[in-house]
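The data block below is protein-v9.csv; it holds CSV, C-alpha atoms and all ligand atoms.
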chain,number,residue,atom,x,y,z
Q,163,MET,CA,-6.3,174.1,81.3
Q,164,LYS,CA,-8.3,172.1,83.9
Q,165,PRO,CA,-10.3,169.2,82.4
Q,166,PHE,CA,-14.1,169.5,82.1
Q,167,LYS,CA,-15.8,167.2,84.6
Q,168,PHE,CA,-18.4,164.7,83.4
Q,169,ALA,CA,-21.0,162.6,85.3
Q,170,VAL,CA,-22.5,159.6,83.4
Q,171,ALA,CA,-26.0,158.4,84.0
Q,172,GLY,CA,-26.6,154.8,82.9
Q,173,CYS,CA,-23.8,152.2,82.9
Q,174,GLY,CA,-25.1,149.8,80.3
Q,175,ASN,CA,-23.7,149.2,76.8
Q,176,ILE,CA,-23.2,152.8,75.8
Q,177,GLY,CA,-22.6,154.2,79.3
Q,178,LYS,CA,-19.5,152.0,79.5
Q,179,ARG,CA,-18.3,153.3,76.2
Q,180,HIS,CA,-18.8,157.0,77.3
Q,181,VAL,CA,-16.7,156.3,80.4
Q,182,ALA,CA,-14.0,154.7,78.4
Q,183,VAL,CA,-13.9,157.6,75.9
Q,184,LEU,CA,-13.9,160.2,78.7
Q,185,ASP,CA,-11.2,158.4,80.6
Q,186,ALA,CA,-9.0,158.4,77.5
Q,187,GLU,CA,-9.6,162.2,76.7
Q,188,PRO,CA,-7.1,164.4,78.5
Q,189,ARG,CA,-9.5,167.4,78.5
Q,190,ALA,CA,-12.2,165.4,80.3
Q,191,GLN,CA,-12.5,163.8,83.7
Q,192,VAL,CA,-15.2,161.5,85.0
Q,193,VAL,CA,-16.3,162.6,88.4
Q,194,ALA,CA,-19.4,160.4,89.1
Q,195,ILE,CA,-21.5,157.6,87.5
Q,196,CYS,CA,-24.9,156.2,88.3
Q,197,ASP,CA,-27.1,153.3,87.5
Q,198,ILE,CA,-30.2,151.9,89.2
Q,199,GLU,CA,-28.5,148.5,89.1
Q,200,GLU,CA,-25.8,149.0,91.8
Q,201,GLU,CA,-23.6,146.3,90.5
Q,202,LYS,CA,-23.3,147.8,87.0
Q,203,ALA,CA,-22.1,151.1,88.4
Q,204,SER,CA,-19.8,149.6,91.0
Q,205,LYS,CA,-18.1,147.3,88.5
Q,206,LEU,CA,-17.4,150.2,86.3
Q,207,ALA,CA,-16.2,152.3,89.1
Q,208,ASP,CA,-13.9,149.5,90.2
Q,209,LEU,CA,-12.5,149.1,86.7
Q,210,TYR,CA,-11.4,152.7,86.6
Q,211,GLY,CA,-11.0,153.0,90.4
Q,212,TYR,CA,-11.3,156.7,90.9
Q,213,PHE,CA,-14.9,158.0,90.9
Q,214,PRO,CA,-17.9,157.6,93.2
Q,215,CYS,CA,-21.0,155.8,92.0
Q,216,TYR,CA,-24.7,156.3,92.8
Q,217,THR,CA,-27.9,154.3,92.4
Q,218,GLN,CA,-30.1,157.5,92.3
Q,219,TYR,CA,-29.7,160.1,89.6
Q,220,GLU,CA,-31.0,162.9,91.7
Q,221,HIS,CA,-28.6,162.0,94.5
Q,222,MET,CA,-25.7,162.2,92.0
Q,223,LEU,CA,-26.9,165.6,90.8
Q,224,ASP,CA,-27.2,166.8,94.4
Q,225,GLU,CA,-23.6,165.9,95.1
Q,226,THR,CA,-21.5,166.1,91.9
Q,227,ASP,CA,-19.4,169.1,90.8
Q,228,ALA,CA,-19.6,167.9,87.2
Q,229,ASP,CA,-19.9,170.5,84.4
Q,230,ILE,CA,-21.6,168.0,82.0
Q,231,ILE,CA,-24.1,165.2,82.6
Q,232,VAL,CA,-24.1,162.4,80.0
Q,233,VAL,CA,-27.5,160.8,79.8
Q,234,ALA,CA,-27.0,157.2,78.6
Q,235,THR,CA,-30.2,155.6,80.0
Q,236,PRO,CA,-33.1,154.0,78.0
Q,237,HIS,CA,-34.9,156.3,75.5
Q,238,ALA,CA,-38.0,157.1,77.6
Q,239,LEU,CA,-35.8,158.6,80.4
Q,240,HIS,CA,-33.9,161.0,78.2
Q,241,ALA,CA,-36.3,163.9,78.4
Q,242,GLY,CA,-36.9,163.9,82.2
Q,243,MET,CA,-33.2,163.4,83.1
Q,244,THR,CA,-32.0,166.0,80.7
Q,245,ILE,CA,-34.6,168.6,81.9
Q,246,GLU,CA,-33.7,167.8,85.6
Q,247,ALA,CA,-29.9,168.3,84.9
Q,248,CYS,CA,-30.5,171.5,82.9
Q,249,ASN,CA,-32.7,172.9,85.7
Q,250,ARG,CA,-29.8,172.4,88.1
Q,251,GLY,CA,-27.4,174.2,85.8
Q,252,PHE,CA,-25.5,171.3,84.2
Q,253,HIS,CA,-24.7,171.1,80.5
Q,254,VAL,CA,-26.1,167.8,79.0
Q,255,LEU,CA,-24.9,165.4,76.4
Q,256,VAL,CA,-27.9,163.1,75.7
Q,257,GLU,CA,-27.7,159.8,73.8
Q,258,LYS,CA,-29.8,159.3,70.7
Q,259,PRO,CA,-32.7,159.3,70.3
Q,260,MET,CA,-33.0,162.7,71.9
Q,261,ALA,CA,-36.5,161.7,73.2
Q,262,LEU,CA,-39.5,159.8,72.1
Q,263,THR,CA,-41.7,162.8,71.1
Q,264,VAL,CA,-41.2,166.2,69.6
Q,265,ALA,CA,-43.0,167.7,72.6
Q,266,ASP,CA,-40.4,166.3,74.9
Q,267,CYS,CA,-37.5,167.6,72.7
Q,268,MET,CA,-39.1,171.0,72.8
Q,269,ARG,CA,-39.2,170.9,76.6
Q,270,MET,CA,-35.6,169.8,76.7
Q,271,ASN,CA,-34.5,172.7,74.5
Q,272,GLU,CA,-36.6,175.1,76.6
Q,273,ALA,CA,-34.9,173.9,79.8
Q,274,ALA,CA,-31.4,174.3,78.3
Q,275,TYR,CA,-32.3,177.8,77.0
Q,276,LYS,CA,-33.9,179.0,80.2
Q,277,ASN,CA,-31.0,177.8,82.3
Q,278,GLU,CA,-28.3,179.0,79.8
Q,279,VAL,CA,-26.7,175.6,79.5
Q,280,LYS,CA,-25.7,173.6,76.5
Q,281,LEU,CA,-27.6,170.6,75.2
Q,282,TRP,CA,-26.0,168.2,72.7
Q,283,VAL,CA,-27.2,165.0,71.2
Q,284,VAL,CA,-24.9,162.1,70.3
Q,285,LYS,CA,-24.8,161.6,66.5
Q,286,GLN,CA,-21.4,160.0,66.1
Q,287,ASN,CA,-22.1,158.7,62.6
Q,288,ARG,CA,-21.7,162.3,61.4
Q,289,TYR,CA,-18.0,161.8,62.0
Q,290,ASN,CA,-17.6,158.5,59.9
Q,291,ILE,CA,-15.1,158.9,57.2
Q,292,PRO,CA,-17.5,158.0,54.3
Q,293,ILE,CA,-20.1,160.4,55.7
Q,294,ARG,CA,-17.5,163.3,55.8
Q,295,LEU,CA,-16.6,162.5,52.2
Q,296,ALA,CA,-20.2,162.5,51.0
Q,297,LYS,CA,-21.0,165.6,53.0
Q,298,GLU,CA,-18.1,167.4,51.3
Q,299,ALA,CA,-19.4,166.4,47.8
Q,300,LEU,CA,-22.9,167.6,48.8
Q,301,GLU,CA,-21.8,170.9,50.3
Q,302,GLN,CA,-19.8,171.7,47.1
Q,303,GLN,CA,-23.0,170.8,45.1
Q,304,ARG,CA,-21.0,168.2,43.2
Q,305,LEU,CA,-24.0,165.9,42.8
Q,306,GLY,CA,-26.2,168.7,41.4
Q,307,LYS,CA,-29.9,168.3,42.4
Q,308,LEU,CA,-30.4,165.4,44.7
Q,309,LEU,CA,-33.1,163.2,43.0
Q,310,MET,CA,-33.3,160.0,44.9
Q,311,VAL,CA,-32.0,158.4,48.1
Q,312,LYS,CA,-32.1,154.8,49.1
Q,313,CYS,CA,-31.4,153.8,52.7
Q,314,ASP,CA,-31.2,150.2,54.0
Q,315,VAL,CA,-30.7,149.2,57.6
Q,316,LEU,CA,-30.7,145.4,57.3
Q,317,TRP,CA,-29.5,144.1,60.7
Q,318,ASN,CA,-29.9,141.2,63.0
Q,319,ARG,CA,-31.1,141.3,66.6
Q,320,TYR,CA,-31.7,138.0,68.3
Q,321,GLN,CA,-34.8,137.5,70.5
Q,322,GLY,CA,-32.6,137.5,73.7
Q,323,TYR,CA,-31.6,141.1,72.8
Q,324,TYR,CA,-35.2,142.1,73.5
Q,325,ASN,CA,-35.9,139.5,76.3
Q,326,ASP,CA,-32.9,140.4,78.4
Q,327,SER,CA,-33.8,144.1,78.5
Q,328,PRO,CA,-36.5,145.8,80.5
Q,329,TRP,CA,-37.1,148.4,77.8
Q,330,ARG,CA,-36.2,147.0,74.3
Q,331,GLY,CA,-39.0,145.9,72.2
Q,332,ARG,CA,-41.6,147.7,74.3
Q,333,LEU,CA,-43.7,150.4,72.6
Q,334,LYS,CA,-43.8,152.8,75.5
Q,335,GLU,CA,-40.2,152.5,76.4
Q,336,GLU,CA,-38.5,152.0,73.1
Q,337,GLY,CA,-41.1,153.5,70.7
Q,338,GLY,CA,-40.0,151.6,67.6
Q,339,ALA,CA,-36.9,150.5,65.7
Q,340,LEU,CA,-36.7,153.9,64.0
Q,341,PHE,CA,-35.7,155.4,67.4
Q,342,THR,CA,-33.1,152.7,68.0
Q,343,GLN,CA,-31.5,151.1,64.9
Q,344,VAL,CA,-32.5,153.7,62.3
Q,345,SER,CA,-32.2,157.1,64.1
Q,346,HIS,CA,-28.6,157.8,62.9
Q,347,PHE,CA,-29.6,157.1,59.3
Q,348,ILE,CA,-32.6,159.4,59.6
Q,349,ASP,CA,-30.4,162.1,61.1
Q,350,LEU,CA,-28.1,161.9,58.0
Q,351,LEU,CA,-31.0,161.8,55.5
Q,352,ILE,CA,-32.6,165.0,56.9
Q,353,TRP,CA,-29.2,166.6,57.3
Q,354,TRP,CA,-28.7,166.1,53.6
Q,355,CYS,CA,-32.2,166.1,52.0
Q,356,GLY,CA,-34.2,168.4,54.2
Q,357,GLU,CA,-37.4,168.0,56.1
Q,358,VAL,CA,-39.7,165.0,55.5
Q,359,GLU,CA,-42.8,166.3,53.7
Q,360,GLU,CA,-44.7,163.2,52.7
Q,361,VAL,CA,-44.7,159.6,53.9
Q,362,SER,CA,-46.2,156.2,53.0
Q,363,GLY,CA,-45.2,152.7,54.0
Q,364,TYR,CA,-45.7,149.6,56.0
Q,365,LEU,CA,-44.6,148.0,59.3
Q,366,ASP,CA,-44.8,144.5,60.5
Q,367,THR,CA,-43.5,142.3,63.3
Q,368,GLN,CA,-42.5,139.1,61.7
Q,369,GLN,CA,-39.8,137.2,63.7
Q,370,HIS,CA,-39.7,138.6,67.2
Q,371,GLN,CA,-42.0,138.5,70.2
Q,372,ILE,CA,-42.0,142.3,70.7
Q,373,GLU,CA,-44.5,145.1,70.8
Q,374,ILE,CA,-42.7,147.2,68.1
Q,375,GLU,CA,-41.9,146.5,64.5
Q,376,ASP,CA,-39.0,144.4,63.4
Q,377,ILE,CA,-39.5,145.3,59.7
Q,378,GLY,CA,-40.6,148.4,57.9
Q,379,SER,CA,-40.5,150.1,54.5
Q,380,ALA,CA,-41.3,153.7,53.9
Q,381,ILE,CA,-41.3,156.0,50.9
Q,382,LEU,CA,-40.4,159.6,51.9
Q,383,ARG,CA,-40.5,162.9,50.0
Q,384,PHE,CA,-38.2,165.6,51.3
Q,385,ASN,CA,-38.8,169.3,51.0
Q,386,SER,CA,-35.7,169.4,48.7
Q,387,GLY,CA,-37.8,167.3,46.2
Q,388,ALA,CA,-35.7,164.1,46.7
Q,389,LEU,CA,-37.6,160.8,47.0
Q,390,CYS,CA,-36.3,158.2,49.4
Q,391,SER,CA,-37.0,154.6,49.9
Q,392,LEU,CA,-36.1,153.6,53.5
Q,393,ASN,CA,-36.1,149.9,54.5
Q,394,TRP,CA,-35.2,148.6,57.9
Q,395,THR,CA,-35.3,145.3,59.7
Q,396,THR,CA,-33.8,143.4,62.7
Q,397,ASN,CA,-34.7,140.1,61.0
Q,398,VAL,CA,-31.6,139.4,59.0
Q,399,TYR,CA,-30.3,135.9,59.6
Q,400,ASN,CA,-27.4,135.5,62.0
Q,401,LYS,CA,-25.7,138.9,61.8
Q,402,ASN,CA,-25.9,142.5,60.5
Q,403,TYR,CA,-25.9,142.5,56.7
Q,404,GLU,CA,-25.9,146.1,55.6
Q,405,GLY,CA,-26.3,149.7,56.7
Q,406,SER,CA,-26.2,151.9,53.7
Q,407,ILE,CA,-27.3,155.2,52.0
Q,408,THR,CA,-27.2,155.6,48.3
Q,409,LEU,CA,-27.4,159.2,46.9
Q,410,ILE,CA,-28.5,159.7,43.3
Q,411,GLY,CA,-28.0,163.2,42.0
Q,412,GLU,CA,-28.1,164.8,38.6
Q,413,LYS,CA,-24.3,164.7,38.4
Q,414,GLY,CA,-23.3,161.8,40.5
Q,415,THR,CA,-24.0,158.7,42.5
Q,416,ILE,CA,-22.5,157.8,45.9
Q,417,LYS,CA,-23.2,154.6,47.9
Q,418,ILE,CA,-22.0,154.6,51.5
Q,419,GLY,CA,-22.3,151.1,52.7
Q,420,GLY,CA,-20.6,148.4,54.7
Q,421,LYS,CA,-22.5,147.2,57.7
Q,422,TYR,CA,-22.7,150.6,59.4
Q,423,LEU,CA,-21.9,153.3,56.9
Q,424,ASN,CA,-18.3,152.6,57.2
Q,425,LYS,CA,-17.2,152.3,53.5
Q,426,ILE,CA,-17.7,154.0,50.2
Q,427,GLU,CA,-19.0,151.3,48.0
Q,428,TYR,CA,-19.7,153.3,44.8
Q,429,TRP,CA,-18.6,156.8,43.8
Q,430,ASP,CA,-19.1,158.3,40.4
Q,431,VAL,CA,-19.3,162.1,40.6
Q,432,GLU,CA,-18.7,164.4,37.7
Q,433,GLY,CA,-15.3,166.1,38.0
Q,434,PHE,CA,-14.9,165.0,41.6
Q,435,PRO,CA,-13.3,161.6,41.8
Q,436,LEU,CA,-13.0,159.7,45.1
Q,437,GLN,CA,-9.6,160.3,46.7
Q,438,GLU,CA,-7.2,157.3,46.4
Q,439,GLY,CA,-6.0,155.3,49.4
Q,440,ILE,CA,-8.6,156.2,51.9
Q,441,ALA,CA,-8.3,154.2,55.1
Q,442,TYR,CA,-11.8,153.3,56.3
Q,443,THR,CA,-11.0,153.1,60.0
Q,444,ASP,CA,-14.5,153.6,61.6
Q,445,LYS,CA,-15.2,150.7,64.0
Q,446,PRO,CA,-18.6,149.5,65.2
Q,447,ASN,CA,-19.7,149.4,68.8
Q,448,ALA,CA,-19.4,145.7,69.7
Q,449,TYR,CA,-21.8,144.4,72.5
Q,450,GLY,CA,-20.9,140.7,72.6
Q,451,LYS,CA,-23.6,138.9,70.5
Q,452,TYR,CA,-24.5,141.9,68.4
Q,453,GLN,CA,-22.9,145.0,66.9
Q,454,GLY,CA,-24.2,148.5,66.9
Q,455,THR,CA,-23.3,151.4,64.7
Q,456,SER,CA,-20.1,153.4,64.5
Q,457,SER,CA,-18.2,153.9,67.8
Q,458,ASN,CA,-17.0,157.5,67.1
Q,459,HIS,CA,-18.1,158.7,70.5
Q,460,ASP,CA,-14.6,160.0,71.0
Q,461,LYS,CA,-15.2,162.5,68.2
Q,462,VAL,CA,-18.5,163.6,69.7
Q,463,VAL,CA,-16.8,164.3,73.0
Q,464,SER,CA,-13.8,166.0,71.3
Q,465,ALA,CA,-16.2,168.3,69.4
Q,466,ILE,CA,-18.1,169.4,72.5
Q,467,LEU,CA,-14.9,170.0,74.3
Q,468,ASP,CA,-13.7,172.1,71.4
Q,469,GLN,CA,-16.9,174.1,71.5
Q,470,LEU,CA,-16.6,174.7,75.3
Q,471,GLY,CA,-13.0,175.7,74.7
Q,472,LYS,CA,-14.3,178.1,72.0
Q,473,LYS,CA,-12.4,176.4,69.2
Q,474,GLY,CA,-15.1,174.8,67.1
Q,475,ARG,CA,-18.8,174.3,66.6
Q,476,ASP,CA,-18.9,170.9,64.9
Q,477,THR,CA,-21.6,169.6,67.3
Q,478,VAL,CA,-25.2,168.6,67.2
Q,479,ASP,CA,-27.4,170.7,69.5
Q,480,GLY,CA,-30.9,170.0,70.8
Q,481,PHE,CA,-32.5,171.8,67.9
Q,482,GLU,CA,-30.6,169.8,65.3
Q,483,GLY,CA,-31.2,166.6,67.4
Q,484,MET,CA,-34.9,167.3,67.4
Q,485,LYS,CA,-35.1,167.2,63.6
Q,486,SER,CA,-34.8,163.4,63.5
Q,487,ILE,CA,-37.5,163.0,66.1
Q,488,GLN,CA,-39.8,165.2,64.0
Q,489,ALA,CA,-39.1,162.9,61.0
Q,490,ILE,CA,-39.6,159.7,63.0
Q,491,GLU,CA,-42.8,161.0,64.6
Q,492,LYS,CA,-44.1,161.9,61.1
Q,493,ILE,CA,-43.1,158.5,59.6
Q,494,TYR,CA,-44.8,156.5,62.4
Q,495,ALA,CA,-47.9,158.8,62.4
Q,496,ASN,CA,-48.3,158.1,58.7
Q,497,ILE,CA,-47.6,154.4,58.5
Q,498,ARG,CA,-48.8,152.9,61.8
Q,499,LYS,CA,-52.3,153.0,60.4
Q,500,TYR,CA,-51.2,150.6,57.7
Q,501,ALA,CA,-49.4,148.2,60.0
Q,502,THR,CA,-50.2,144.6,59.4
Q,503,ALA,CA,-51.9,142.2,61.8
Q,504,ASN,CA,-49.0,141.1,64.1
Q,505,TYR,CA,-48.1,144.7,64.9
Q,506,LEU,CA,-50.0,146.5,67.7
K,601,LIG,N1,-25.1,156.5,69.9
K,601,LIG,C1,-25.2,155.2,69.7
K,601,LIG,O1,-24.9,154.6,68.6
K,601,LIG,C2,-25.8,154.4,70.8
K,601,LIG,C3,-25.4,153.1,70.9
K,601,LIG,C4,-26.0,152.3,72.0
K,601,LIG,C5,-27.0,152.9,72.8
K,601,LIG,N2,-27.4,154.2,72.5
K,601,LIG,C6,-28.5,154.8,73.3
K,601,LIG,O2,-28.1,154.8,74.7
K,601,LIG,C7,-29.2,154.5,75.5
K,601,LIG,C8,-28.9,153.3,76.4
K,601,LIG,O3,-28.7,152.2,75.5
K,601,LIG,P1,-27.9,150.9,76.1
K,601,LIG,O4,-27.7,150.0,74.9
K,601,LIG,O5,-26.7,151.3,76.8
K,601,LIG,O6,-29.0,150.3,77.1
K,601,LIG,P2,-28.7,149.4,78.3
K,601,LIG,O7,-30.0,148.8,78.7
K,601,LIG,O8,-27.5,148.5,78.1
K,601,LIG,O9,-28.2,150.4,79.4
K,601,LIG,C9,-29.1,151.4,80.0
K,601,LIG,C10,-28.6,151.5,81.5
K,601,LIG,O10,-29.4,152.5,82.1
K,601,LIG,C11,-29.7,152.1,83.4
K,601,LIG,N3,-30.8,152.8,84.0
K,601,LIG,C12,-32.1,152.6,83.8
K,601,LIG,N4,-32.9,153.5,84.5
K,601,LIG,C13,-32.0,154.3,85.1
K,601,LIG,C14,-32.1,155.4,86.0
K,601,LIG,N5,-33.3,155.9,86.3
K,601,LIG,N6,-31.0,156.0,86.5
K,601,LIG,C15,-29.8,155.5,86.1
K,601,LIG,N7,-29.6,154.5,85.3
K,601,LIG,C16,-30.7,153.9,84.8
K,601,LIG,C17,-30.0,150.6,83.3
K,601,LIG,O11,-29.8,149.9,84.5
K,601,LIG,C18,-28.9,150.2,82.3
K,601,LIG,O12,-27.7,149.8,82.9
K,601,LIG,C19,-30.4,154.2,74.5
K,601,LIG,O13,-31.2,155.4,74.5
K,601,LIG,C20,-29.7,154.0,73.2
K,601,LIG,O14,-30.5,154.4,72.1
K,601,LIG,C21,-26.8,154.9,71.6
Take the structure I supplied and represent it as structure tokens, if you would.
Amino acid sequence: MKPFKFAVAGCGNIGKRHVAVLDAEPRAQVVAICDIEEEKASKLADLYGYFPCYTQYEHMLDETDADIIVVATPHALHAGMTIEACNRGFHVLVEKPMALTVADCMRMNEAAYKNEVKLWVVKQNRYNIPIRLAKEALEQQRLGKLLMVKCDVLWNRYQGYYNDSPWRGRLKEEGGALFTQVSHFIDLLIWWCGEVEEVSGYLDTQQHQIEIEDIGSAILRFNSGALCSLNWTTNVYNKNYEGSITLIGEKGTIKIGGKYLNKIEYWDVEGFPLQEGIAYTDKPNAYGKYQGTSSNHDKVVSAILDQLGKKGRDTVDGFEGMKSIQAIEKIYANIRKYATANYL
């Protein structure tokens, strides 16, 4: 079978990872890349040595014979670039967050539907080993009714992380930490607990010179009835401390922890013990001075290729991807009014 052709927009931290993953996947072929910073694209093209690079997205779309466009640019560009690619008949894999508003997500889904192309959103944490184990327990109703969930994203981002970027830390371009550091966690919470029905909480900007929050705490009630305390910060001293979700059900408790949901830290489930000898092999995305979340982008790509090859449907489409944006929009709408003085 001929490989599926990919063109990647954005050659920053995660664009590079996409190119590496696609280069290593025998069913995929990178046929073009683009970045408004010419050097970033040309360096990456030189590294792999076999694809053309562009500085203008539209120009790349005009010329490429790709099947799938990967959108790996800053958040605020996801909607426009996705819609443009769909309107020209390409399938799209867009990085998280799908967009910064639900209205944009709807426009993206409409463009994909109207043009009969596929739209997927990168949610690579769904493939983490501990997430798969917990999901299996939940699907088999092993925890009984889910009562309470606790989610902590306690990470470090140094001031230069924001200063060195034209979009990070800016309200219009980044939207808030829920879209960046917390969106994978929110995706999992709503995947498991249902829609967010009620929200209260607080935000603040304590340690960074930025327009968005660097700390937040929210209480959520899901339509399943489960209560959730969600705490997030980029203020942790020196390095990431924890990225965890604790599930408390009638018949069991599971804590998925580590720094980025990469370990089972506690498992006590009636009649459903944790398997022995699990190798926790999920790795983080490493970006020099800071670490992101799991690097299972290869599994995302593999799943969409399976789907295109009509072998599987283990993917996150635009409707599923929109759910976390709905939750984030609701959380911010409810708690921004209580934000403390430093925060806009
Ligand atoms: N799935 C994940 O865990 C994960 C991890 C990292 C980043 N991301 C997402 O990927 C996106 C990019 O993040 P990043 O860390 O790579 O950011 P980055 O700033 O390192 O890279 C973004 C790149 O896009 C380029 N760019 C900007 N405007 C462009 C345009 N109009 N056309 C082409 N290129 C353009 C920039 O020059 C830059 O090289 C963000 O939305 C982020 O949330 C997801």
TODO: Name the closest residue to Gln488 in chain Q among the candidates Q:Gly322, Q:Glu272, Q:Met260, Q:Cys390; distances are taken between atoms, counting only C-alpha atoms.
DONE: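 Going through Q:Gly322, Q:Glu272, Q:Met260, Q:Cys390 one by one, the smallest distance to Gln488 in chain Q is for Q:Met260.
Using all atoms listed in the file, the shortest contact distance between ligand LIG 601 (chain K) and any of Q:Thr226, Q:Gln343, Q:Asn290, Q:Asn424 is found at Q:Gln343.
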Next on the checklist: Using only C-alpha atoms and all ligand atoms, which residues have at least one atom no more than 7 Å from ligand LIG 601 (chain K)? Output them as a PyMOL selection string.
Outcome noted: chain Q and resi 171-177+196-199+202+217-219+234-237+239+257-259+284-286+327+342+454-457
Taking all atoms listed in the file into account, which of Q:Val233, Q:Leu351, Q:Leu392, Q:Leu309 comes nearest Gly411 in chain Q?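 Between Q:Val233, Q:Leu351, Q:Leu392, Q:Leu309, the residue approaching Gly411 in chain Q most closely is Q:Leu309.
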Checklist entry - Nearest to Lys451 in chain Q: which of Q:Thr244, Q:Asn318, Q:Gln469, Q:Ser464 is it, counting all atoms listed in the file? => result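 Smallest distance to Lys451 in chain Q is found for Q:Asn318.
In terms of minimum interatomic distance to Thr367 in chain Q, Q:Trp394 ranks closest within Q:Tyr212, Q:Phe347, Q:Tyr399, Q:Trp394, counting only C-alpha atoms.
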For a cutoff of 12 Å around the file-coordinate point (-36.0, 166.9, 85.2), which residues qualify once you count all atoms listed in the file? I'd like the result as an mmCIF file with C-alpha atoms, in the coordinates of the input.
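Produced file result.cif, reproduced below:
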data_model
loop_
_atom_site.group_PDB
_atom_site.id
_atom_site.type_symbol
_atom_site.label_atom_id
_atom_site.label_comp_id
_atom_site.auth_asym_id
_atom_site.auth_seq_id
_atom_site.Cartn_x
_atom_site.Cartn_y
_atom_site.Cartn_z
ATOM 1 C CA TYR Q 219 -29.700 160.100 89.600
ATOM 2 C CA GLU Q 220 -31.000 162.900 91.700
ATOM 3 C CA LEU Q 223 -26.900 165.600 90.800
ATOM 4 C CA VAL Q 233 -27.500 160.800 79.800
ATOM 5 C CA LEU Q 239 -35.800 158.600 80.400
ATOM 6 C CA HIS Q 240 -33.900 161.000 78.200
ATOM 7 C CA ALA Q 241 -36.300 163.900 78.400
ATOM 8 C CA GLY Q 242 -36.900 163.900 82.200
ATOM 9 C CA MET Q 243 -33.200 163.400 83.100
ATOM 10 C CA THR Q 244 -32.000 166.000 80.700
ATOM 11 C CA ILE Q 245 -34.600 168.600 81.900
ATOM 12 C CA GLU Q 246 -33.700 167.800 85.600
ATOM 13 C CA ALA Q 247 -29.900 168.300 84.900
ATOM 14 C CA CYS Q 248 -30.500 171.500 82.900
ATOM 15 C CA ASN Q 249 -32.700 172.900 85.700
ATOM 16 C CA ARG Q 250 -29.800 172.400 88.100
ATOM 17 C CA GLY Q 251 -27.400 174.200 85.800
ATOM 18 C CA PHE Q 252 -25.500 171.300 84.200
ATOM 19 C CA VAL Q 254 -26.100 167.800 79.000
ATOM 20 C CA ASP Q 266 -40.400 166.300 74.900
ATOM 21 C CA ARG Q 269 -39.200 170.900 76.600
ATOM 22 C CA MET Q 270 -35.600 169.800 76.700
ATOM 23 C CA GLU Q 272 -36.600 175.100 76.600
ATOM 24 C CA ALA Q 273 -34.900 173.900 79.800
ATOM 25 C CA ALA Q 274 -31.400 174.300 78.300
#
(message) So, with only C-alpha atoms as the atoms that count, which of Q:Glu201, Q:Gly211, Q:Tyr442, Q:Leu255 lies closest to Asp185 in chain Q?
(response)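 Among Q:Glu201, Q:Gly211, Q:Tyr442, Q:Leu255, it is Q:Gly211 that comes nearest to Asp185 in chain Q.
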- [ ] Please check which residues have atoms at most 7 Å from (-20.5, 158.9, 82.5) in the file's coordinates, counting all atoms listed in the file, and write them as number ranges by chain.
- [x] Q: 168-171, 177, 180-181, 192, 194-195, 232
### Query
Quick one, how far is CA of Ala495 in chain Q from CA of Arg383 in chain Q?
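Taking CA of Ala495 in chain Q as the start and CA of Arg383 in chain Q as the end point, the length is 15.0 Å.
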What separates CA of Thr477 in chain Q and CA of Leu300 in chain Q is a distance of 18.7 Å
If we count all atoms listed in the file, what is near Tyr289 in chain Q at a cut-off of 8 Å, once residues fewer than 4 positions away on the same chain are taken out, given as a PDB file with C-alpha atoms, in the frame of the given file?
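Output file around.pdb is given in full below:
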ATOM      1  CA  ILE Q 293     -20.100 160.400  55.700  1.00  0.00           C
ATOM      2  CA  ARG Q 294     -17.500 163.300  55.800  1.00  0.00           C
ATOM      3  CA  ASN Q 458     -17.000 157.500  67.100  1.00  0.00           C
ATOM      4  CA  LYS Q 461     -15.200 162.500  68.200  1.00  0.00           C
ATOM      5  CA  VAL Q 462     -18.500 163.600  69.700  1.00  0.00           C
TER       6      VAL Q 462
END
Notebook entry, point to check: What does the distance between CA of Glu187 in chain Q and CA of Pro165 in chain Q come to in Å, to one decimal place?
Noted result: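 Interatomic distance, CA of Glu187 in chain Q to CA of Pro165 in chain Q: 9.1 Å.
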Exercise. Just the residues within 10 Å of Gln321 in chain Q, please, counting all atoms listed in the file, with nothing from its chain fewer than 5 positions along; format it as a ChimeraX atom specification.
Key: /Q:326,331,369-372,396-397
Please identify all polymer residues within 12 Å of Lys307 in chain Q, counting all atoms listed in the file, omitting same-chain residues fewer than 6 positions from it, and present them as a PDB file with C-alpha atoms, in the frame of the given file.
ATOM      1  CA  ALA Q 299     -19.400 166.400  47.800  1.00  0.00           C
ATOM      2  CA  LEU Q 300     -22.900 167.600  48.800  1.00  0.00           C
ATOM      3  CA  GLU Q 301     -21.800 170.900  50.300  1.00  0.00           C
ATOM      4  CA  TRP Q 354     -28.700 166.100  53.600  1.00  0.00           C
ATOM      5  CA  CYS Q 355     -32.200 166.100  52.000  1.00  0.00           C
ATOM      6  CA  SER Q 386     -35.700 169.400  48.700  1.00  0.00           C
ATOM      7  CA  GLY Q 387     -37.800 167.300  46.200  1.00  0.00           C
ATOM      8  CA  ALA Q 388     -35.700 164.100  46.700  1.00  0.00           C
ATOM      9  CA  LEU Q 389     -37.600 160.800  47.000  1.00  0.00           C
ATOM     10  CA  LEU Q 409     -27.400 159.200  46.900  1.00  0.00           C
ATOM     11  CA  ILE Q 410     -28.500 159.700  43.300  1.00  0.00           C
ATOM     12  CA  GLY Q 411     -28.000 163.200  42.000  1.00  0.00           C
ATOM     13  CA  GLU Q 412     -28.100 164.800  38.600  1.00  0.00           C
ATOM     14  CA  LYS Q 413     -24.300 164.700  38.400  1.00  0.00           C
ATOM     15  CA  GLY Q 414     -23.300 161.800  40.500  1.00  0.00           C
ATOM     16  CA  THR Q 415     -24.000 158.700  42.500  1.00  0.00           C
TER      17      THR Q 415
END
